[in-house]
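Below: one structure, written as C-alpha cells.
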Amino acid sequence: MNPKNSANQRAIENRWVQLCVVAVLAIVTSLSSSVVRGSARIAYPGSTDCARGCDFVAGGWPFFYLVDNPGISPRGSISLIDGLTGSDIVRAGPLCATLIFWACVWAALIWVARRSGLLRSR
C-alpha cells in the first residue's frame with residue numbers, strides 16, 4: 001500500500017473521530033445547559049390570556065430551548081425529563097442554535113489545544 005494513501009486515510013479517520021467527539025460534547029453540553037434558568041416570552045394564539053405573549057420559566061444556554069408548558073407542567077418548573085415526556089415545551093429552533101453554538105465552542109477549543117500542543121494527533 002502506498003504510504004501517502006495510508007497517511008491520507010488516517011487523516012480522514014482522525015477528522016471523523018474529531019467530528020464525533022465535537023458532536024457528543026455539543027449534545028451533552030447543550031442538554032446540560034437546561035439547568036440554566038431564565039424566562040422566555042411566548043405567545044399562545046388560542047389563549048385569551050397569552051395571545052400577545054406571556055413570560056414563562058425557561059431553560060437552556062445561550063438560547064432558551066426548554067419552556068414551561070402552562071396547564072400541563074407544574075407552574076414555574078422545567079426539566080429535561082418533562083421536556084422529553086411532553087410536559088414542558090422543547091423549542092426546536094433554539095435547541096438547534098444551542099447545539100451549533102456549543103459545537104463551535106468545542107471545535108474552537110480542540111483546535112486551540114491542538115495548535116498549542118496540549119492535544120496531539122495520533
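As shown in the C-alpha cells, the chain order sets the letters A, B, ...; within each chain, residues go from 1, and ligands are also counted from 1 in the order they appear.
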
For Leu25 in chain A: contacts at 8 Å, only C-alpha atoms, fewer than 2 positions along chain excluded, given as number ranges by chain: A: 21-23, 27-29, 102-103, 106

Just want the 10 Å neighbourhood of range 59-68 of chain A, counted on only C-alpha atoms, with same-chain residues fewer than 2 positions away dropped. Output as a tab-separated table (two decimals) with C-alpha atoms, in the first residue's frame.
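part21.tsv written:
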```
chain	number	residue	atom	x	y	z
A	29	THR	CA	-23.26	20.43	26.97
A	30	SER	CA	-26.46	21.64	25.29
A	31	LEU	CA	-28.67	19.25	27.25
A	32	SER	CA	-26.80	20.02	30.47
A	33	SER	CA	-27.42	23.73	29.91
A	34	SER	CA	-31.13	23.12	30.56
A	35	VAL	CA	-30.39	23.71	34.25
A	36	VAL	CA	-29.69	27.39	33.47
A	37	ARG	CA	-32.95	29.16	34.30
A	38	GLY	CA	-34.43	32.29	32.83
A	39	SER	CA	-37.67	33.45	31.29
A	40	ALA	CA	-38.98	33.45	27.74
A	41	ARG	CA	-41.87	35.41	26.28
A	42	ILE	CA	-44.16	33.00	24.44
A	55	ASP	CA	-43.37	35.24	30.40
A	56	PHE	CA	-42.66	31.62	31.27
A	57	VAL	CA	-39.83	29.88	33.08
A	70	PRO	CA	-48.90	26.21	31.01
A	71	GLY	CA	-51.70	23.96	32.13
A	72	ILE	CA	-49.73	20.72	31.85
A	73	SER	CA	-46.49	21.22	33.75
A	74	PRO	CA	-46.41	22.46	37.36
A	75	ARG	CA	-46.17	26.22	37.08
A	76	GLY	CA	-42.66	27.61	37.35
A	77	SER	CA	-40.84	24.31	36.91
A	78	ILE	CA	-38.93	22.91	33.95
A	79	SER	CA	-36.84	19.80	33.48
A	80	LEU	CA	-35.31	17.92	30.61
A	82	ASP	CA	-40.55	16.83	31.41
A	83	GLY	CA	-39.48	18.13	28.01
A	87	SER	CA	-44.98	18.19	29.99
A	88	ASP	CA	-42.66	21.06	29.02
A	89	ILE	CA	-42.11	22.53	25.58
A	90	VAL	CA	-38.87	21.85	23.70
A	91	ARG	CA	-38.40	24.53	21.04
A	92	ALA	CA	-36.52	23.08	18.06
A	93	GLY	CA	-35.04	26.33	16.71
A	94	PRO	CA	-33.37	27.46	19.95
A	95	LEU	CA	-32.24	23.88	20.65
A	96	CYS	CA	-30.51	23.68	17.24
A	97	ALA	CA	-28.95	27.12	17.79
A	98	THR	CA	-27.67	25.98	21.20
A	99	LEU	CA	-26.23	22.79	19.67
A	101	PHE	CA	-23.13	27.27	19.48
A	102	TRP	CA	-21.63	24.53	21.67
```

Could you check how far CA of Val112 in chain A sits from CA of Ile12 in chain A, in Å to one decimal?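 Distance between the two atoms: 19.5 Å.
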
Selection: 12 Å around Leu119 in chain A, only C-alpha atoms, excl. self and same-chain fewer than 6 positions, as a list of chain:residue names: A:Gln18, A:Leu109, A:Ile110, A:Trp111, A:Val112, A:Ala113

Writing out the chosen residues with N, CA and C atoms as a CSV table (one decimal), in the first residue's frame:
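Just written: part_17.csv:
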```
chain,number,residue,atom,x,y,z
A,18,GLN,N,-12.7,13.4,15.4
A,18,GLN,CA,-12.8,14.7,15.9
A,18,GLN,C,-14.3,15.2,15.8
A,109,LEU,N,-12.1,25.1,20.9
A,109,LEU,CA,-11.2,24.7,22.0
A,109,LEU,C,-10.3,23.6,21.6
A,110,ILE,N,-10.8,22.6,20.8
A,110,ILE,CA,-10.0,21.5,20.4
A,110,ILE,C,-8.9,22.0,19.4
A,111,TRP,N,-9.3,22.9,18.5
A,111,TRP,CA,-8.3,23.5,17.5
A,111,TRP,C,-7.2,24.2,18.3
A,112,VAL,N,-7.6,25.0,19.2
A,112,VAL,CA,-6.6,25.8,20.0
A,112,VAL,C,-5.7,24.8,20.8
A,113,ALA,N,-6.3,23.8,21.4
A,113,ALA,CA,-5.5,22.8,22.1
A,113,ALA,C,-4.5,22.1,21.2
```

From the options A:Ile100, A:Arg120, A:Ala51, A:Ile81, which residue's atoms come nearest to Val24 in chain A, counting only C-alpha atoms?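 Nearest candidate to Val24 in chain A out of A:Ile100, A:Arg120, A:Ala51, A:Ile81: A:Ile100.
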
Can you list, as a list of chain:residue names, all residues belonging to chain A that DSSP tags as strand (DSSP E or B)?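 Of chain A, the ones in strand (DSSP E or B) are A:Arg37, A:Gly38, A:Ser39, A:Ala40, A:Arg41, A:Ile42, A:Cys54, A:Asp55, A:Phe56, A:Val57, A:Ala58, A:Gly59, A:Leu66, A:Val67, A:Ile89, A:Val90.
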
Those same residues - N, CA and C atoms - I'd like them written as a PDB file, in the first residue's frame.
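Just written: result12.pdb:
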```
ATOM      1  N   ARG A  37     -31.576  28.661  34.298  1.00  0.00           N
ATOM      2  CA  ARG A  37     -32.954  29.164  34.297  1.00  0.00           C
ATOM      3  C   ARG A  37     -33.030  30.604  33.821  1.00  0.00           C
ATOM      4  N   GLY A  38     -34.147  30.939  33.267  1.00  0.00           N
ATOM      5  CA  GLY A  38     -34.431  32.294  32.827  1.00  0.00           C
ATOM      6  C   GLY A  38     -35.913  32.387  32.518  1.00  0.00           C
ATOM      7  N   SER A  39     -36.276  33.359  31.703  1.00  0.00           N
ATOM      8  CA  SER A  39     -37.671  33.450  31.286  1.00  0.00           C
ATOM      9  C   SER A  39     -37.721  33.747  29.798  1.00  0.00           C
ATOM     10  N   ALA A  40     -38.775  33.242  29.176  1.00  0.00           N
ATOM     11  CA  ALA A  40     -38.979  33.449  27.745  1.00  0.00           C
ATOM     12  C   ALA A  40     -40.397  33.961  27.533  1.00  0.00           C
ATOM     13  N   ARG A  41     -40.547  34.876  26.619  1.00  0.00           N
ATOM     14  CA  ARG A  41     -41.867  35.413  26.284  1.00  0.00           C
ATOM     15  C   ARG A  41     -42.428  34.594  25.130  1.00  0.00           C
ATOM     16  N   ILE A  42     -43.537  33.897  25.419  1.00  0.00           N
ATOM     17  CA  ILE A  42     -44.157  33.004  24.443  1.00  0.00           C
ATOM     18  C   ILE A  42     -45.599  33.443  24.228  1.00  0.00           C
ATOM     19  N   CYS A  54     -46.743  35.871  27.043  1.00  0.00           N
ATOM     20  CA  CYS A  54     -46.588  35.843  28.496  1.00  0.00           C
ATOM     21  C   CYS A  54     -45.180  35.341  28.802  1.00  0.00           C
ATOM     22  N   ASP A  55     -44.683  35.706  29.972  1.00  0.00           N
ATOM     23  CA  ASP A  55     -43.374  35.241  30.399  1.00  0.00           C
ATOM     24  C   ASP A  55     -43.506  33.897  31.103  1.00  0.00           C
ATOM     25  N   PHE A  56     -42.672  32.949  30.680  1.00  0.00           N
ATOM     26  CA  PHE A  56     -42.662  31.617  31.275  1.00  0.00           C
ATOM     27  C   PHE A  56     -41.241  31.273  31.686  1.00  0.00           C
ATOM     28  N   VAL A  57     -41.130  30.389  32.676  1.00  0.00           N
ATOM     29  CA  VAL A  57     -39.826  29.883  33.085  1.00  0.00           C
ATOM     30  C   VAL A  57     -39.248  29.102  31.907  1.00  0.00           C
ATOM     31  N   ALA A  58     -37.959  29.319  31.639  1.00  0.00           N
ATOM     32  CA  ALA A  58     -37.306  28.653  30.514  1.00  0.00           C
ATOM     33  C   ALA A  58     -35.926  28.174  30.941  1.00  0.00           C
ATOM     34  N   GLY A  59     -35.386  27.245  30.195  1.00  0.00           N
ATOM     35  CA  GLY A  59     -34.058  26.722  30.483  1.00  0.00           C
ATOM     36  C   GLY A  59     -33.248  26.536  29.212  1.00  0.00           C
ATOM     37  N   LEU A  66     -36.029  25.167  26.391  1.00  0.00           N
ATOM     38  CA  LEU A  66     -36.971  24.401  27.197  1.00  0.00           C
ATOM     39  C   LEU A  66     -37.862  25.385  27.945  1.00  0.00           C
ATOM     40  N   VAL A  67     -39.173  25.310  27.712  1.00  0.00           N
ATOM     41  CA  VAL A  67     -40.105  26.294  28.269  1.00  0.00           C
ATOM     42  C   VAL A  67     -41.215  25.577  29.017  1.00  0.00           C
ATOM     43  N   ILE A  89     -42.253  22.322  27.018  1.00  0.00           N
ATOM     44  CA  ILE A  89     -42.113  22.533  25.581  1.00  0.00           C
ATOM     45  C   ILE A  89     -40.630  22.591  25.220  1.00  0.00           C
ATOM     46  N   VAL A  90     -40.228  21.781  24.250  1.00  0.00           N
ATOM     47  CA  VAL A  90     -38.875  21.846  23.702  1.00  0.00           C
ATOM     48  C   VAL A  90     -38.980  22.561  22.360  1.00  0.00           C
TER      49      VAL A  90
END
```

In Å to one decimal, how far is CA of Arg114 in chain A from CA of Asn5 in chain A?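 So the two atoms, CA of Asn5 in chain A and CA of Arg114 in chain A, lie 23.1 Å apart.
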
Enumerate, as number ranges by chain, the complete set of residues in chain A that a backbone-based DSSP assignment places in helix (DSSP H, G or I). A: 3-35, 80-85, 92-116
